[in-house]
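Visitor: Sharing target.txt here; it has compact mmCIF, C-alpha atoms.
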```txt
# COMPACT_ATOMS: atom_id res chain seq x y z
CA MET Y 1 -30.12 211.74 -9.86
CA SER Y 2 -33.47 213.47 -9.55
CA LYS Y 3 -36.56 212.52 -7.54
CA GLN Y 4 -40.31 212.88 -7.91
CA SER Y 5 -43.49 211.00 -7.13
CA LEU Y 6 -44.85 208.36 -9.46
CA ILE Y 7 -48.16 210.21 -9.65
CA THR Y 8 -46.32 213.29 -10.87
CA ALA Y 9 -44.44 211.19 -13.40
CA ILE Y 10 -47.69 209.89 -14.84
CA ALA Y 11 -49.25 213.33 -14.95
CA LEU Y 12 -46.28 214.71 -16.82
CA GLY Y 13 -46.16 211.80 -19.20
CA THR Y 14 -42.48 211.16 -18.47
CA ALA Y 15 -40.37 210.22 -15.48
CA ALA Y 16 -37.36 212.14 -16.75
CA LEU Y 17 -38.39 215.54 -15.46
CA ALA Y 18 -36.74 217.19 -12.51
CA GLY Y 19 -38.00 219.95 -10.26
CA GLY Y 20 -38.33 223.41 -11.71
CA GLY Y 21 -39.24 222.09 -15.15
CA GLN Y 22 -35.64 221.32 -16.16
CA ALA Y 23 -35.35 218.16 -18.27
CA LEU Y 24 -32.61 215.68 -17.41
CA ALA Y 25 -31.19 213.19 -19.87
CA ALA Y 26 -31.28 210.30 -17.41
CA ASP Y 27 -30.34 206.88 -18.72
CA LEU Y 28 -32.81 205.05 -16.46
CA THR Y 29 -35.77 205.58 -14.16
CA ILE Y 30 -36.51 203.43 -11.12
CA SER Y 31 -39.56 203.46 -8.86
CA CYS Y 32 -38.91 202.96 -5.15
CA GLY Y 33 -41.17 202.73 -2.13
CA ALA Y 34 -41.12 205.35 0.61
CA VAL Y 35 -42.09 203.42 3.76
CA GLY Y 36 -39.75 204.29 6.63
CA VAL Y 37 -36.19 204.78 5.30
CA GLU Y 38 -36.94 202.78 2.17
CA LEU Y 39 -36.59 205.67 -0.26
CA GLU Y 40 -33.41 206.96 1.38
CA LEU Y 41 -31.75 203.55 1.13
CA CYS Y 42 -32.81 203.23 -2.50
CA GLU Y 43 -31.32 206.64 -3.29
CA GLN Y 44 -28.02 205.67 -1.65
CA GLY Y 45 -27.80 202.42 -3.58
CA VAL Y 46 -28.62 204.10 -6.87
CA THR Y 47 -25.98 206.77 -6.22
CA GLN Y 48 -23.33 204.10 -5.72
CA TRP Y 49 -24.28 202.46 -9.03
CA GLU Y 50 -24.20 205.84 -10.78
CA GLU Y 51 -20.71 206.50 -9.45
CA GLN Y 52 -19.46 203.10 -10.54
CA THR Y 53 -20.97 203.16 -14.03
CA GLY Y 54 -21.17 206.83 -14.97
CA HIS Y 55 -24.84 206.46 -15.88
CA SER Y 56 -27.64 208.59 -14.44
CA VAL Y 57 -30.89 207.45 -12.84
CA ASP Y 58 -34.09 209.26 -11.95
CA ILE Y 59 -36.00 207.97 -8.92
CA VAL Y 60 -39.78 208.19 -8.58
CA SER Y 61 -41.38 207.46 -5.21
CA THR Y 62 -44.56 205.40 -5.06
CA PRO Y 63 -47.61 205.44 -2.75
CA ASN Y 64 -47.11 203.64 0.56
CA SER Y 65 -50.32 201.70 -0.07
CA SER Y 66 -49.40 198.63 -2.12
CA THR Y 67 -52.93 198.55 -3.53
CA GLU Y 68 -52.56 202.08 -4.92
CA ARG Y 69 -49.05 201.31 -6.16
CA LEU Y 70 -50.22 198.28 -8.14
CA SER Y 71 -52.98 200.33 -9.75
CA LEU Y 72 -50.47 202.94 -10.89
CA TYR Y 73 -48.10 200.30 -12.25
CA GLN Y 74 -50.91 198.67 -14.20
CA GLN Y 75 -51.82 202.06 -15.66
CA ILE Y 76 -48.25 202.64 -16.86
CA LEU Y 77 -47.62 199.13 -18.16
CA SER Y 78 -50.95 198.75 -19.93
CA ALA Y 79 -49.99 201.81 -21.97
CA ASN Y 80 -46.72 200.08 -22.99
CA SER Y 81 -44.97 203.12 -21.54
CA SER Y 82 -41.17 203.29 -21.31
CA ASP Y 83 -41.36 205.91 -18.54
CA ILE Y 84 -40.31 203.48 -15.79
CA ASP Y 85 -37.41 201.10 -16.47
CA VAL Y 86 -37.05 199.37 -13.08
CA LEU Y 87 -40.08 198.66 -10.90
CA GLN Y 88 -40.20 197.66 -7.24
CA ILE Y 89 -42.90 194.98 -7.13
CA ASP Y 90 -44.64 193.16 -4.29
CA VAL Y 91 -44.09 189.44 -3.78
CA VAL Y 92 -47.68 188.77 -4.91
CA TRP Y 93 -47.42 190.66 -8.21
CA PRO Y 94 -45.14 188.58 -10.50
CA GLY Y 95 -48.07 186.59 -11.85
CA LEU Y 96 -50.15 189.74 -12.34
CA LEU Y 97 -47.46 191.72 -14.18
CA ALA Y 98 -45.37 188.99 -15.82
CA ASN Y 99 -46.47 189.74 -19.38
CA HIS Y 100 -45.04 193.26 -19.04
CA LEU Y 101 -41.69 192.26 -17.51
CA LEU Y 102 -38.31 191.26 -18.91
CA ASP Y 103 -36.90 187.75 -18.40
CA LEU Y 104 -33.94 188.53 -16.15
CA GLY Y 105 -32.66 184.96 -16.36
CA GLU Y 106 -32.12 185.55 -20.04
CA THR Y 107 -30.60 189.02 -19.60
CA LEU Y 108 -28.45 188.39 -16.52
CA GLY Y 109 -27.77 184.69 -17.05
CA GLU Y 110 -29.16 181.44 -15.68
CA ASP Y 111 -27.29 181.85 -12.38
CA ALA Y 112 -28.64 185.34 -11.70
CA ALA Y 113 -30.71 184.25 -8.70
CA THR Y 114 -28.25 181.74 -7.21
CA GLY Y 115 -28.01 182.06 -3.42
CA HIS Y 116 -31.42 183.70 -2.97
CA PHE Y 117 -34.15 181.84 -1.08
CA PRO Y 118 -35.41 179.21 -3.57
CA ALA Y 119 -39.05 179.81 -2.63
CA ILE Y 120 -38.80 183.49 -3.59
CA VAL Y 121 -37.02 182.68 -6.85
CA GLU Y 122 -39.77 180.17 -7.64
CA ASN Y 123 -42.39 182.79 -6.78
CA ASN Y 124 -40.72 185.24 -9.20
CA THR Y 125 -40.50 182.69 -12.01
CA VAL Y 126 -43.56 182.68 -14.26
CA ASP Y 127 -43.80 180.17 -17.11
CA GLY Y 128 -40.07 179.55 -16.85
CA ARG Y 129 -39.21 183.26 -16.96
CA LEU Y 130 -37.46 185.02 -14.04
CA VAL Y 131 -39.50 188.22 -14.12
CA ALA Y 132 -38.10 189.80 -10.92
CA MET Y 133 -35.01 189.59 -8.73
CA PRO Y 134 -35.52 189.20 -4.95
CA TRP Y 135 -34.59 192.41 -3.11
CA PHE Y 136 -35.81 191.97 0.45
CA THR Y 137 -38.18 189.55 2.10
CA ASP Y 138 -40.59 190.18 4.95
CA ALA Y 139 -42.80 188.50 7.51
CA GLY Y 140 -45.06 190.03 10.11
CA VAL Y 141 -43.62 190.25 13.65
CA LEU Y 142 -44.82 191.47 17.05
CA TYR Y 143 -43.11 194.51 18.58
CA TYR Y 144 -43.59 195.09 22.30
CA ARG Y 145 -42.51 197.45 25.05
CA LYS Y 146 -39.98 195.47 27.07
CA ASP Y 147 -40.01 198.00 29.91
CA LEU Y 148 -43.78 197.93 30.38
CA LEU Y 149 -44.10 194.15 30.24
CA GLU Y 150 -41.33 193.85 32.81
CA GLU Y 151 -42.92 196.49 35.05
CA TYR Y 152 -46.26 194.67 35.01
CA GLY Y 153 -44.70 191.21 35.36
CA PHE Y 154 -45.53 189.75 31.95
CA GLU Y 155 -43.64 187.69 29.39
CA PRO Y 156 -44.38 188.32 25.69
CA PRO Y 157 -47.73 186.75 24.77
CA GLU Y 158 -47.92 183.43 22.96
CA THR Y 159 -51.63 183.53 22.14
CA TRP Y 160 -53.91 186.30 20.88
CA GLU Y 161 -56.01 185.93 24.01
CA GLU Y 162 -52.91 186.54 26.15
CA LEU Y 163 -52.03 189.61 24.07
CA THR Y 164 -55.56 190.94 24.57
CA ALA Y 165 -55.44 190.50 28.34
CA ILE Y 166 -51.91 191.89 28.76
CA ALA Y 167 -52.60 194.87 26.50
CA ARG Y 168 -55.78 195.69 28.40
CA GLU Y 169 -54.14 195.51 31.84
CA ILE Y 170 -51.13 197.64 30.90
CA GLN Y 171 -53.26 200.14 29.01
CA THR Y 172 -55.65 200.50 31.97
CA GLY Y 173 -52.80 200.92 34.43
CA GLU Y 174 -50.91 203.46 32.33
CA GLN Y 175 -54.01 205.48 31.51
CA ALA Y 176 -54.91 205.61 35.21
CA ALA Y 177 -51.47 207.13 35.76
CA GLY Y 178 -52.23 209.78 33.14
CA ASP Y 179 -50.33 208.25 30.22
CA ARG Y 180 -52.06 208.23 26.82
CA ILE Y 181 -51.35 204.75 25.56
CA TRP Y 182 -53.12 201.99 23.63
CA GLY Y 183 -52.67 198.28 23.96
CA TYR Y 184 -52.25 197.14 20.35
CA VAL Y 185 -51.93 198.68 16.90
CA PHE Y 186 -51.76 197.11 13.46
CA GLN Y 187 -52.58 197.84 9.80
CA GLY Y 188 -56.37 198.14 9.63
CA ARG Y 189 -57.07 200.23 6.53
CA ALA Y 190 -58.95 198.46 3.73
CA TYR Y 191 -55.88 197.64 1.60
CA GLU Y 192 -53.37 194.85 1.04
CA GLY Y 193 -51.82 195.36 4.47
CA LEU Y 194 -55.10 194.32 6.10
CA THR Y 195 -55.08 191.14 4.02
CA CYS Y 196 -51.66 190.40 5.54
CA ASN Y 197 -52.83 191.04 9.10
CA ALA Y 198 -56.11 189.15 8.76
CA LEU Y 199 -54.43 186.18 7.08
CA GLU Y 200 -52.18 185.91 10.15
CA TRP Y 201 -55.17 185.98 12.49
CA VAL Y 202 -57.11 183.42 10.47
CA ALA Y 203 -54.22 181.03 9.72
CA SER Y 204 -53.05 181.08 13.35
CA HIS Y 205 -56.54 179.96 14.40
CA GLY Y 206 -56.43 177.03 11.99
CA GLY Y 207 -58.75 178.83 9.61
CA GLY Y 208 -56.77 178.26 6.41
CA THR Y 209 -55.29 180.68 3.89
CA ILE Y 210 -58.43 182.03 2.11
CA VAL Y 211 -57.72 179.78 -0.89
CA ASP Y 212 -55.52 176.69 -0.55
CA ALA Y 213 -52.67 175.62 -2.83
CA GLU Y 214 -55.07 173.57 -5.00
CA GLY Y 215 -57.33 176.56 -5.53
CA ASN Y 216 -60.08 175.50 -3.12
CA LEU Y 217 -61.87 178.09 -0.97
CA THR Y 218 -61.10 177.70 2.73
CA VAL Y 219 -62.22 181.00 4.24
CA ASN Y 220 -65.68 180.21 5.62
CA ASN Y 221 -65.04 178.23 8.80
CA ALA Y 222 -65.28 178.49 12.57
CA GLY Y 223 -61.58 179.23 13.04
CA ALA Y 224 -61.70 182.17 10.64
CA ALA Y 225 -64.85 183.53 12.31
CA THR Y 226 -63.29 183.28 15.77
CA ALA Y 227 -60.17 185.10 14.59
CA LEU Y 228 -61.99 187.99 12.93
CA ASP Y 229 -64.49 188.45 15.78
CA LEU Y 230 -61.61 188.57 18.28
CA ALA Y 231 -59.87 191.23 16.19
CA ALA Y 232 -63.11 193.22 16.01
CA SER Y 233 -63.36 193.13 19.80
CA TRP Y 234 -60.05 195.03 20.03
CA ILE Y 235 -61.41 198.15 18.31
CA GLY Y 236 -62.23 200.81 20.89
CA ASP Y 237 -60.95 198.54 23.68
CA ILE Y 238 -57.20 197.95 23.32
CA THR Y 239 -56.96 199.43 19.83
CA PRO Y 240 -57.91 202.97 18.74
CA GLU Y 241 -60.75 203.29 16.26
CA GLY Y 242 -58.34 205.20 14.04
CA VAL Y 243 -56.58 201.90 13.28
CA LEU Y 244 -59.28 201.34 10.67
CA ASN Y 245 -57.33 203.82 8.55
CA TYR Y 246 -53.80 202.80 9.58
CA THR Y 247 -51.13 201.58 7.19
CA GLU Y 248 -47.64 200.55 8.35
CA GLU Y 249 -46.46 204.09 8.99
CA GLU Y 250 -49.43 205.23 11.09
CA ALA Y 251 -49.04 202.17 13.32
CA ARG Y 252 -45.29 202.75 13.61
CA GLY Y 253 -45.80 206.41 14.43
CA LEU Y 254 -48.05 205.64 17.38
CA PHE Y 255 -45.82 202.87 18.73
CA GLN Y 256 -42.57 204.76 18.22
CA SER Y 257 -43.94 207.81 20.01
CA GLY Y 258 -44.51 205.64 23.08
CA ASN Y 259 -48.28 205.40 22.73
CA ALA Y 260 -48.77 201.65 22.22
CA VAL Y 261 -47.76 198.54 24.13
CA PHE Y 262 -47.82 196.13 21.17
CA MET Y 263 -47.56 196.59 17.41
CA ARG Y 264 -47.75 194.23 14.46
CA ASN Y 265 -45.46 195.43 11.68
CA TRP Y 266 -42.68 194.37 9.32
CA PRO Y 267 -39.00 194.17 10.31
CA TYR Y 268 -38.18 197.58 8.77
CA ALA Y 269 -39.67 199.27 11.86
CA TRP Y 270 -36.87 197.92 14.08
CA SER Y 271 -34.12 200.28 12.93
CA LEU Y 272 -36.47 203.25 13.20
CA ALA Y 273 -37.66 202.27 16.69
CA GLN Y 274 -33.98 202.16 17.73
CA GLY Y 275 -33.16 205.49 16.08
CA GLU Y 276 -31.92 208.50 18.02
CA GLU Y 277 -35.24 210.33 17.64
CA SER Y 278 -37.35 207.38 18.80
CA GLU Y 279 -39.20 207.76 22.09
CA VAL Y 280 -38.88 204.02 22.73
CA ARG Y 281 -35.23 203.49 21.81
CA GLY Y 282 -33.73 200.61 23.79
CA ARG Y 283 -37.12 199.60 25.19
CA VAL Y 284 -38.46 197.47 22.33
CA GLY Y 285 -38.52 193.71 21.89
CA VAL Y 286 -39.53 191.61 18.87
CA VAL Y 287 -41.05 188.13 18.93
CA LYS Y 288 -43.11 185.96 16.62
CA LEU Y 289 -46.79 186.74 16.33
CA PRO Y 290 -49.26 185.03 18.70
CA HIS Y 291 -51.54 182.17 17.73
CA GLY Y 292 -55.09 181.11 18.46
CA GLU Y 293 -55.95 178.38 20.96
CA GLY Y 294 -54.69 175.11 19.49
CA GLY Y 295 -53.15 176.88 16.49
CA ASN Y 296 -49.65 177.88 15.43
CA SER Y 297 -48.08 181.30 14.93
CA ALA Y 298 -48.50 182.49 11.35
CA ALA Y 299 -46.59 185.35 9.73
CA THR Y 300 -47.64 186.52 6.28
CA LEU Y 301 -44.89 186.35 3.68
CA GLY Y 302 -44.11 189.79 2.39
CA GLY Y 303 -41.22 191.32 0.53
CA TRP Y 304 -40.35 193.23 -2.58
CA ASN Y 305 -38.52 192.51 -5.79
CA LEU Y 306 -37.00 194.49 -8.64
CA ALA Y 307 -38.23 193.96 -12.20
CA VAL Y 308 -37.45 195.50 -15.57
CA SER Y 309 -40.23 196.72 -17.83
CA ARG Y 310 -40.42 195.09 -21.26
CA TYR Y 311 -40.93 198.57 -22.64
CA SER Y 312 -37.62 199.95 -21.31
CA GLU Y 313 -35.46 201.58 -23.95
CA ASN Y 314 -32.33 200.41 -22.06
CA PRO Y 315 -33.23 196.89 -20.84
CA GLU Y 316 -29.69 195.56 -20.39
CA LEU Y 317 -28.59 198.65 -18.47
CA ALA Y 318 -31.74 198.42 -16.32
CA ALA Y 319 -30.98 194.76 -15.61
CA ASP Y 320 -27.45 195.71 -14.53
CA LEU Y 321 -28.88 198.21 -12.03
CA VAL Y 322 -31.20 195.48 -10.70
CA ALA Y 323 -28.28 193.06 -10.31
CA PHE Y 324 -26.32 195.67 -8.35
CA LEU Y 325 -29.16 196.64 -6.01
CA THR Y 326 -30.08 193.02 -5.26
CA GLY Y 327 -26.44 191.91 -4.81
CA GLU Y 328 -24.83 190.83 -1.55
CA ALA Y 329 -23.11 194.12 -0.65
CA GLU Y 330 -26.31 196.15 -1.05
CA GLN Y 331 -28.47 193.61 0.79
CA GLN Y 332 -25.99 193.57 3.67
CA ARG Y 333 -25.98 197.38 3.84
CA ARG Y 334 -29.78 197.58 3.76
CA ALA Y 335 -30.07 194.94 6.49
CA ILE Y 336 -27.65 196.77 8.79
CA GLU Y 337 -28.92 200.30 8.17
CA GLY Y 338 -32.62 199.68 7.65
CA SER Y 339 -33.34 196.17 9.07
CA TYR Y 340 -34.58 194.95 5.69
CA ASN Y 341 -34.53 191.16 5.52
CA PRO Y 342 -32.02 189.87 2.96
CA THR Y 343 -33.13 187.36 0.37
CA LEU Y 344 -29.61 185.89 0.30
CA GLU Y 345 -29.62 183.03 2.77
CA ARG Y 346 -25.95 183.37 3.74
CA LEU Y 347 -26.48 186.87 5.16
CA TYR Y 348 -28.48 185.40 8.05
CA ALA Y 349 -25.16 184.11 9.39
CA ASP Y 350 -23.39 187.45 8.82
CA GLU Y 351 -22.01 188.79 12.13
CA GLU Y 352 -22.53 192.46 11.22
CA VAL Y 353 -26.13 191.84 10.17
CA LEU Y 354 -26.96 189.88 13.33
CA ALA Y 355 -25.32 192.53 15.52
CA ALA Y 356 -27.55 195.18 13.98
CA VAL Y 357 -30.75 193.10 13.92
CA PRO Y 358 -30.53 190.25 16.47
CA PHE Y 359 -34.01 188.88 15.72
CA PHE Y 360 -32.94 188.00 12.18
CA GLY Y 361 -31.27 185.06 13.91
CA THR Y 362 -33.82 184.26 16.63
CA LEU Y 363 -36.78 184.50 14.24
CA TYR Y 364 -35.09 182.90 11.24
CA ASP Y 365 -37.67 180.08 11.15
CA THR Y 366 -40.47 182.65 11.09
CA PHE Y 367 -38.99 184.27 7.99
CA ALA Y 368 -38.13 180.97 6.31
CA ASN Y 369 -41.61 179.48 6.88
CA ALA Y 370 -43.88 182.49 6.41
CA VAL Y 371 -47.43 181.92 5.13
CA ALA Y 372 -47.92 182.92 1.51
CA ARG Y 373 -50.96 184.80 0.32
CA PRO Y 374 -52.91 182.78 -2.30
CA SER Y 375 -51.50 184.62 -5.31
CA ALA Y 376 -50.05 181.51 -6.94
CA ALA Y 377 -53.32 179.57 -6.68
CA THR Y 378 -55.54 182.40 -7.90
CA GLY Y 379 -53.23 183.86 -10.57
CA GLU Y 380 -54.52 187.02 -12.22
CA SER Y 381 -57.57 186.96 -9.94
CA TYR Y 382 -55.52 187.50 -6.79
CA GLY Y 383 -56.17 191.24 -6.71
CA ARG Y 384 -59.93 190.66 -6.67
CA VAL Y 385 -59.60 187.92 -4.05
CA SER Y 386 -57.55 190.14 -1.77
CA ASN Y 387 -59.87 193.11 -2.24
CA ALA Y 388 -62.88 191.01 -1.29
CA PHE Y 389 -61.05 189.63 1.76
CA PHE Y 390 -59.81 192.94 3.13
CA ASP Y 391 -63.14 194.68 2.46
CA THR Y 392 -64.97 191.92 4.34
CA THR Y 393 -62.46 192.03 7.19
CA HIS Y 394 -62.78 195.81 7.40
CA SER Y 395 -66.57 195.54 7.64
CA VAL Y 396 -66.18 193.13 10.57
CA LEU Y 397 -63.60 195.32 12.33
CA SER Y 398 -65.79 198.40 11.92
CA GLY Y 399 -68.77 196.59 13.46
CA GLU Y 400 -70.93 196.58 10.34
CA MET Y 401 -71.46 192.80 10.64
CA SER Y 402 -70.20 189.78 12.55
CA ALA Y 403 -67.72 187.38 11.03
CA THR Y 404 -70.37 184.66 11.16
CA ASP Y 405 -72.54 186.75 8.82
CA ALA Y 406 -69.71 188.18 6.72
CA LEU Y 407 -67.78 185.02 5.83
CA PRO Y 408 -70.60 183.23 3.95
CA GLN Y 409 -71.03 186.40 1.88
CA LEU Y 410 -67.30 186.49 1.20
CA GLU Y 411 -67.38 182.83 0.18
CA GLY Y 412 -70.17 183.65 -2.27
CA GLN Y 413 -68.10 186.46 -3.81
CA LEU Y 414 -65.06 184.24 -4.15
CA ARG Y 415 -67.12 181.37 -5.54
CA ARG Y 416 -68.11 183.60 -8.43
CA LEU Y 417 -64.42 184.34 -9.07
CA GLU Y 418 -63.30 180.75 -8.61
CA ARG Y 419 -63.95 179.71 -12.20
CA ARG Y 420 -61.27 182.17 -13.31
CA TRP Y 421 -58.46 180.17 -11.70
CA LYS Y 422 -59.86 176.62 -11.63
```
Represent the structure of the file as structure tokens.
Guide:
Amino acid sequence: MSKQSLITAIALGTAALAGGGQALAADLTISCGAVGVELELCEQGVTQWEEQTGHSVDIVSTPNSSTERLSLYQQILSANSSDIDVLQIDVVWPGLLANHLLDLGETLGEDAATGHFPAIVENNTVDGRLVAMPWFTDAGVLYYRKDLLEEYGFEPPETWEELTAIAREIQTGEQAAGDRIWGYVFQGRAYEGLTCNALEWVASHGGGTIVDAEGNLTVNNAGAATALDLAASWIGDITPEGVLNYTEEEARGLFQSGNAVFMRNWPYAWSLAQGEESEVRGRVGVVKLPHGEGGNSAATLGGWNLAVSRYSENPELAADLVAFLTGEAEQQRRAIEGSYNPTLERLYADEEVLAAVPFFGTLYDTFANAVARPSAATGESYGRVSNAFFDTTHSVLSGEMSATDALPQLEGQLRRLERRWK
């Protein structure tokens, strides 16, 4: 097994090149993410499959930014390239990439996805074709410093206003004592991660989901404006201005080093926060995200799947690798070692999994009822919809305009796109 970045693979014109210029006759190539321990876990799973089958696999790592990753995938697939056999794809991409992907229901059999969450299987089925197998699911959660909330006499916040007040009080008190700490960090760069964060703010204020299930625009309303203006008020107050360029890993780095009270992130950050090198090991709690006044907590549905390129020269072998990596044993291992949410429902009752990640049990409803981004309703236009939404949100966070001014402009942009999906 050899490793390289996906950008390098494109530049070289093949993913079957190892370091030092030595060519390897790998049977397959798989692209894996590199957020947290993601790449390490992928390597371990691939190695097990190699040992069982005798086949060889090259691994290419992808950009942490899902927006950049999608762009690279589209570049490869639009060229009908066979360089990448197995692709790790976001939960919102099946509709965008379906024409380039193998029908795994046909290759692996009609029962291939039995036992996985039905909603994810439905999401990955396009025009009756199972174009990706569920690998791990995700939903946004709130991490907090248990020790600091206890010291200052607070329970975890239930509303965004409570989070703001608690974060400000603890930050002020700790900074007065000479400790460099911020109240709240999240993913604020202008990319897909900001769409996830902002959708949670907006939906939890009763502001809708940008576009509803029938394809109607819902983004320009008072609830959405209140949510975005509140988030903008955090910048420079309880949130560092640098958050405007944070992805998941920058936020995790600040929190895990002991320099933030609260953090919004995905479940993968749990195992790392509890690692031996973590400054906050044993002092972290996880609860559902807050909500706006009169609203309900909303966690954006995330997660990643494995798909096989239609242009693979070894499609059946690639499908076998996908079946192995998305199987029960691998999903259990990844849950225990990396706190990646299984897509197999029965693993949420697994004693070893729950011992390693207790909140998989306490927050089960959060994961099972996460809010989907409007990729199904907007189809191939989703990328443009998301880009417009996160760019607008970023302009509000950075103080360029208020949400009251920005949302009508966003609605106008989306109205021009609307005819593409209606």
Visitor: May I have the protein, DNA and RNA residues with an atom at most 7 Å from (-56.9, 174.4, 15.4), counting all atoms listed in the file in the file's coordinates, returned as a ChimeraX atom specification?
Guide: /Y:205-206,293-295
Visitor: Out of Y:Ile166, Y:Val126, Y:Ala335, Y:Ala260, which residue has the shortest atom-to-atom distance to His100 in chain Y when counting only C-alpha atoms?
Guide: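 Result for the nearest residue to His100 in chain Y: Y:Val126.
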Visitor: Y:Val91, Y:Ala119, Y:Ala132, Y:Leu397: which is nearest Thr239 in chain Y, counting all atoms listed in the file?
Guide: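 Once distances to Thr239 in chain Y are computed over all atoms listed in the file, the minimum belongs to Y:Leu397.
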Visitor: Report, in Å to a single decimal, how far apart CA of Asp237 in chain Y and CA of Asp147 in chain Y are.
Guide: 21.9 Å
Visitor: Using only C-alpha atoms, which protein or nucleic acid residues come within 7 Å of Thr326 in chain Y? Drop anything in the same chain fewer than 4 positions from it, and give the result as a list in words.
Guide: Met133, Pro134, Trp135, Val322, Glu330 and Gln331 of chain Y
Visitor: Have a look at Y:Ala224, Y:Asp391, Y:Pro342, Y:Ala139 and name the one nearest to Asp365 in chain Y; count only C-alpha atoms.
Guide: Y:Ala139
Visitor: What is the distance, in Å and to one decimal place, between CA of Ser271 in chain Y and CA of Leu70 in chain Y?
Guide: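 If I compute the distance from CA of Ser271 in chain Y to CA of Leu70 in chain Y, I get 26.6 Å.
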Visitor: Pick the closest to Ala165 in chain Y from Y:Val261, Y:Leu39, Y:Val385, Y:Cys32: which is it, counting only C-alpha atoms?
Guide: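 Checking each candidate against Ala165 in chain Y, we get Y:Val261 as the closest.
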Visitor: Between Y:Thr209, Y:Ser381, Y:Thr300, Y:Ser56, which one has atoms that come closest to Arg415 in chain Y, using all atoms listed in the file?
Guide: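 Result for the nearest residue to Arg415 in chain Y: Y:Ser381.
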Visitor: Taking all atoms listed in the file into account, which of Y:Gly302, Y:Gly208, Y:Gly95, Y:Gly178 comes nearest Ala377 in chain Y?
Guide: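 Residue with the minimum atom-to-atom distance to Ala377 in chain Y: Y:Gly95.
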